[in-house]
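Structure data (compact mmCIF, C-alpha atoms) from start.txt:
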# COMPACT_ATOMS: atom_id res chain seq x y z
CA ASN A 22 44.42 122.65 164.60
CA VAL A 23 45.41 120.68 161.49
CA ASP A 24 46.00 123.43 158.95
CA PRO A 25 44.73 122.21 155.54
CA GLU A 26 47.21 124.54 153.80
CA SER A 27 50.17 123.51 156.02
CA PHE A 28 50.97 127.17 156.76
CA GLY A 29 51.47 126.53 160.49
CA ARG A 30 48.18 128.25 161.36
CA ILE A 31 45.91 127.50 164.29
CA LYS A 32 42.36 128.30 165.38
CA VAL A 33 41.69 130.10 168.64
CA GLN A 34 38.74 130.32 171.01
CA PHE A 35 37.80 133.95 171.61
CA ASN A 36 35.78 134.88 174.68
CA TRP A 37 32.99 136.30 172.54
CA LEU A 38 32.52 133.16 170.44
CA GLN A 39 29.60 130.89 171.21
CA GLU A 40 30.22 127.24 171.99
CA GLY A 41 30.91 125.38 168.76
CA GLU A 42 31.88 128.52 166.83
CA GLN A 43 35.35 128.64 165.33
CA SER A 44 37.69 131.52 164.61
CA PHE A 45 39.29 132.16 161.25
CA TRP A 46 42.67 130.52 160.74
CA ALA A 47 45.32 132.48 162.66
CA ARG A 48 48.90 132.71 161.54
CA VAL A 49 51.54 132.35 164.28
CA ALA A 50 54.28 134.98 164.54
CA THR A 51 57.79 133.58 165.10
CA PRO A 52 61.25 135.17 165.44
CA MET A 53 62.33 133.54 162.16
CA SER A 54 60.49 132.02 159.20
CA GLY A 55 61.40 131.09 155.64
CA ASP A 56 60.96 128.39 153.02
CA GLU A 57 61.06 125.17 155.09
CA GLN A 58 63.24 126.89 157.68
CA GLY A 59 62.82 128.92 160.83
CA ILE A 60 61.75 128.48 164.45
CA TYR A 61 58.75 126.15 164.75
CA PHE A 62 56.77 126.27 168.00
CA LEU A 63 52.96 126.01 167.82
CA PRO A 64 50.84 126.73 170.91
CA GLU A 65 49.19 123.73 172.56
CA ILE A 66 45.43 123.33 172.83
CA GLU A 67 44.20 125.17 175.98
CA ASP A 68 47.23 127.52 175.93
CA GLU A 69 46.42 131.22 176.32
CA VAL A 70 47.62 133.31 173.39
CA LEU A 71 47.73 137.00 172.50
CA VAL A 72 46.09 137.80 169.16
CA ALA A 73 46.29 140.83 166.88
CA PHE A 74 44.38 141.44 163.64
CA GLU A 75 45.86 142.54 160.33
CA HIS A 76 44.48 146.02 159.57
CA GLY A 77 42.01 145.45 162.42
CA LYS A 78 40.10 142.81 160.43
CA ILE A 79 38.78 139.87 162.43
CA GLU A 80 39.16 137.67 159.35
CA TYR A 81 42.96 137.93 159.61
CA PRO A 82 44.05 137.01 163.15
CA VAL A 83 47.73 136.64 164.04
CA VAL A 84 49.02 134.98 167.22
CA ILE A 85 51.80 137.26 168.45
CA GLY A 86 52.63 135.50 171.71
CA SER A 87 51.66 133.07 174.45
CA LEU A 88 50.75 133.91 178.05
CA TRP A 89 51.09 132.01 181.31
CA ASN A 90 48.21 132.21 183.76
CA GLY A 91 46.85 130.67 186.94
CA LEU A 92 46.27 127.33 185.23
CA ASN A 93 49.33 127.17 182.97
CA LEU A 94 52.40 128.04 185.02
CA PRO A 95 55.92 128.73 183.68
CA PRO A 96 58.54 125.94 183.90
CA GLN A 97 60.76 128.18 186.09
CA ASN A 98 59.70 130.61 188.82
CA ASN A 99 62.74 132.90 189.40
CA ASP A 100 62.24 132.42 193.15
CA ASP A 101 65.62 133.99 193.98
CA GLY A 102 64.91 137.08 191.89
CA GLU A 103 68.22 136.78 190.02
CA ASN A 104 66.68 135.80 186.66
CA ASN A 105 69.60 133.47 185.88
CA ILE A 106 67.68 130.65 184.19
CA ARG A 107 66.47 130.60 180.59
CA GLN A 108 64.65 127.48 179.40
CA ILE A 109 62.86 125.97 176.42
CA ARG A 110 60.70 123.07 177.62
CA SER A 111 58.38 120.82 175.61
CA ARG A 112 55.09 119.25 176.63
CA SER A 113 56.67 115.90 177.56
CA GLY A 114 59.56 117.48 179.47
CA HIS A 115 62.42 117.72 176.96
CA ALA A 116 64.37 120.84 177.96
CA LEU A 117 67.16 123.14 176.85
CA SER A 118 68.32 125.22 179.83
CA PHE A 119 70.76 128.12 180.15
CA ASP A 120 72.11 128.95 183.62
CA ASP A 121 73.80 132.37 183.85
CA SER A 122 74.51 132.13 187.59
CA GLU A 123 77.81 133.92 188.21
CA GLY A 124 80.59 131.38 188.64
CA ALA A 125 78.28 128.46 187.80
CA GLU A 126 77.43 129.12 184.15
CA LYS A 127 76.26 126.10 182.18
CA MET A 128 73.98 124.89 179.41
CA THR A 129 72.00 121.65 179.65
CA LEU A 130 70.09 119.61 177.08
CA GLU A 131 67.87 117.04 178.81
CA SER A 132 65.26 114.54 177.64
CA SER A 133 62.07 113.72 179.51
CA THR A 134 63.68 110.48 180.74
CA LEU A 135 66.75 112.36 182.05
CA HIS A 136 69.24 111.57 179.29
CA LYS A 137 71.49 114.63 179.55
CA ILE A 138 74.21 116.62 177.80
CA GLU A 139 75.78 119.37 179.91
CA PHE A 140 78.27 122.11 179.03
CA ASP A 141 79.63 123.43 182.34
CA ASP A 142 81.74 126.58 181.83
CA SER A 143 82.68 126.92 185.51
CA ALA A 144 83.95 123.33 185.82
CA LYS A 145 85.22 123.38 182.21
CA THR A 146 83.53 120.05 181.49
CA ILE A 147 81.34 118.56 178.79
CA SER A 148 79.35 115.53 179.93
CA ILE A 149 76.93 113.09 178.35
CA GLU A 150 74.94 110.91 180.75
CA SER A 151 72.16 108.39 180.20
CA GLU A 152 69.18 107.83 182.45
CA GLY A 153 70.87 104.68 183.76
CA GLY A 154 74.04 106.48 184.87
CA ASN A 155 76.37 105.62 181.98
CA LYS A 156 78.46 108.68 181.10
CA ILE A 157 81.25 110.36 179.16
CA VAL A 158 83.02 113.34 180.74
CA VAL A 159 85.57 115.62 179.05
CA ASN A 160 87.38 117.74 181.66
CA ASP A 161 89.62 120.61 180.52
CA ASN A 162 90.66 121.46 184.09
CA SER A 163 92.19 118.05 184.78
CA GLN A 164 92.87 117.32 181.09
CA GLU A 165 90.99 114.03 181.41
CA ILE A 166 88.45 112.08 179.39
CA LEU A 167 86.37 109.53 181.30
CA ILE A 168 84.05 106.88 179.87
CA GLU A 169 82.22 105.11 182.69
CA ASP A 170 79.26 102.77 183.00
CA SER A 171 76.78 102.61 185.86
CA GLY A 172 78.77 99.79 187.48
CA GLY A 173 81.96 101.86 187.76
CA ASN A 174 83.83 100.12 184.93
CA HIS A 175 85.72 102.81 183.06
CA ILE A 176 88.30 103.99 180.56
CA LYS A 177 90.21 107.06 181.70
CA MET A 178 92.60 109.11 179.56
CA GLU A 179 94.87 111.61 181.34
CA ALA A 180 96.73 114.07 179.10
CA ASN A 181 98.90 115.58 181.86
CA SER A 182 100.46 112.23 182.76
CA ASN A 183 100.10 110.66 179.28
CA LYS A 184 98.23 107.79 180.92
CA ILE A 185 95.29 105.62 179.89
CA THR A 186 93.56 103.45 182.50
CA VAL A 187 91.09 100.68 181.67
CA LYS A 188 89.34 99.26 184.74
CA SER A 189 86.72 96.53 185.06
CA SER A 190 85.11 95.11 188.18
CA GLY A 191 84.69 91.83 186.28
CA ASP A 192 86.33 90.41 183.17
CA LEU A 193 88.33 92.52 180.72
CA ILE A 194 88.39 91.03 177.21
CA LEU A 195 90.49 92.25 174.27
CA GLU A 196 89.65 90.36 171.09
CA GLY A 197 90.54 90.79 167.44
CA MET A 198 91.92 89.07 164.34
CA ASN A 199 95.40 90.23 165.36
CA VAL A 200 96.17 91.89 168.70
CA THR A 201 99.45 93.71 169.29
CA ILE A 202 100.54 94.97 172.71
CA LYS A 203 103.73 97.02 172.44
CA ALA A 204 105.59 98.90 175.17
CA GLY A 205 108.23 101.51 174.39
CA VAL A 206 110.21 100.68 177.56
CA SER A 207 108.83 97.74 179.54
CA LEU A 208 105.81 95.44 179.57
CA LYS A 209 104.51 93.83 182.74
CA LEU A 210 101.82 91.13 182.89
CA GLU A 211 100.77 90.13 186.40
CA GLY A 212 98.05 87.93 187.86
CA SER A 213 97.55 87.49 191.61
CA ALA A 214 96.15 83.97 191.16
CA GLY A 215 97.76 82.87 187.90
CA VAL A 216 98.99 83.76 184.43
CA GLU A 217 98.33 81.55 181.41
CA LEU A 218 99.78 81.87 177.91
CA THR A 219 98.48 79.40 175.31
CA SER A 220 98.48 78.99 171.54
CA SER A 221 97.03 76.32 169.27
CA ALA A 222 100.05 76.81 166.99
CA ILE A 223 103.64 77.94 167.56
CA THR A 224 104.46 79.86 170.75
CA THR A 225 107.58 82.00 170.64
CA VAL A 226 109.26 83.62 173.63
CA LYS A 227 112.46 85.48 172.86
CA GLY A 228 114.67 88.24 174.17
CA SER A 229 118.33 89.08 174.69
CA LEU A 230 117.90 87.37 178.05
CA VAL A 231 114.92 85.20 179.06
CA LYS A 232 114.42 84.32 182.73
CA ILE A 233 111.90 81.67 183.76
CA ASN A 234 111.57 81.12 187.50

Show me, as structure tokens, the structure contained in the file I just sent.
Amino acid sequence: NVDPESFGRIKVQFNWLQEGEQSFWARVATPMSGDEQGIYFLPEIEDEVLVAFEHGKIEYPVVIGSLWNGLNLPPQNNDDGENNIRQIRSRSGHALSFDDSEGAEKMTLESSTLHKIEFDDSAKTISIESEGGNKIVVNDNSQEILIEDSGGNHIKMEANSNKITVKSSGDLILEGMNVTIKAGVSLKLEGSAGVELTSSAITTVKGSLVKIN
């Protein structure tokens, strides 16, 4: 099915063709086409397709659709009869899914290895999650943004309380050419086992009142 003219055509196997015989090149109908633009989905080899002929001439076949059958089943089965799921799914398993379930509406873009982007209208969240469980979640209900790795280390921003939390189960390192930590009201540094402040040059501690206990 390598079209020598690069028109996006394919060849089909008609029931009346003898083994080894080939059809004429068949153009593939699509909802949109233009100069290097449009919707590009070619049928796979062994897919069943529906073919029409321009002016009834066998020399000009046109694929007007694809059909599921007993061997090639659809990616969804509508087993609840509600017809809430719409899906575009590739051969390797990449999928774009639309869920119109009342009260649980969402759209999901998922790779074959389960990397996922989800737009959940009911929960009012947008989430990006990797196969390994690392994720970013934007939540309009709670007005929070969460960046979290698979180990539970996270950065959490809360708009309602104007609060940012950075949490690590191990070491937390802030490093730069110059690092400034500034508090509008008070600054508290606390270590349950110890606190160390060192400098290879001048160390300055100043305030209107300095207490060292």

Range 190-198 of chain A: which residues within 9 Å, counting all atoms listed in the file, same-chain residues fewer than 2 positions away excluded, as a PyMOL selection string?
chain A and resi 172-174+187-188+200

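Here CA of Ile149 in chain A stands at a distance of 7.9 Å from CA of His136 in chain A.
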
Using only C-alpha atoms, what does the table of range 78-187 of chain A residues within 12 Å of range 41-44 of chain A look like, with each row giving the shortest atom pair and its distance in Å to one decimal, sorted by chain and ascending number, as a tab-separated table?
residue	atom	partner	partner_atom	distance
A:Ile79	CA	A:Ser44	CA	8.7
A:Glu80	CA	A:Ser44	CA	8.2
A:Tyr81	CA	A:Ser44	CA	9.7
A:Pro82	CA	A:Ser44	CA	8.5
A:Val83	CA	A:Ser44	CA	11.3

Excluding range 97-109 of chain A and residues on its chain fewer than 3 positions from it, collect all residues at most 8 Å away from it, counting only C-alpha atoms, and give them as a count of residues only.
7

Counting only C-alpha atoms, which residues come within 6 Å of (47.9, 128.9, 165.2), with the point read in the file's coordinates, and could you list them as number ranges by chain?
A: 30-32, 47-49

Do you know which residues lie at most 10 Å from (84.0, 119.9, 179.2), with coordinates as in the file and all atoms listed in the file counted, and could you write them as a ChimeraX atom specification?
/A:139-149,157-162,164-166

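When only C-alpha atoms are used to measure the gap to Asn22 in chain A, the shortest distance among A:Ile202, A:Pro64, A:Pro52, A:Gly212 belongs to A:Pro64.
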
As an exercise, work out the distance from CA of Ser171 in chain A to CA of Val216 in chain A in Å and give it to one decimal place.
29.2 Å

Go through A:Phe28, A:Ser229, A:Ser163, A:Ser151 and flag the residue nearest Gly55 in chain A, using all atoms listed in the file for the distances.
A:Phe28

The residue from A:Met178, A:Leu92, A:Ile85, A:Ile168 with the smallest atom-to-atom distance to Glu67 in chain A, counting all atoms listed in the file, is A:Leu92

Please define a box with edges along x, y and z of the file around all atoms of range 94-113 of chain A given in the file, extend it by 5 Å on each side, and return its centre and edge lengths in Å to one decimal, as JSON.
{"center_x": 61.0, "center_y": 126.5, "center_z": 184.8, "size_x": 27.2, "size_y": 31.2, "size_z": 28.4}

Between CA of Lys78 in chain A and CA of Glu26 in chain A - distance in Å to one decimal
20.7 Å
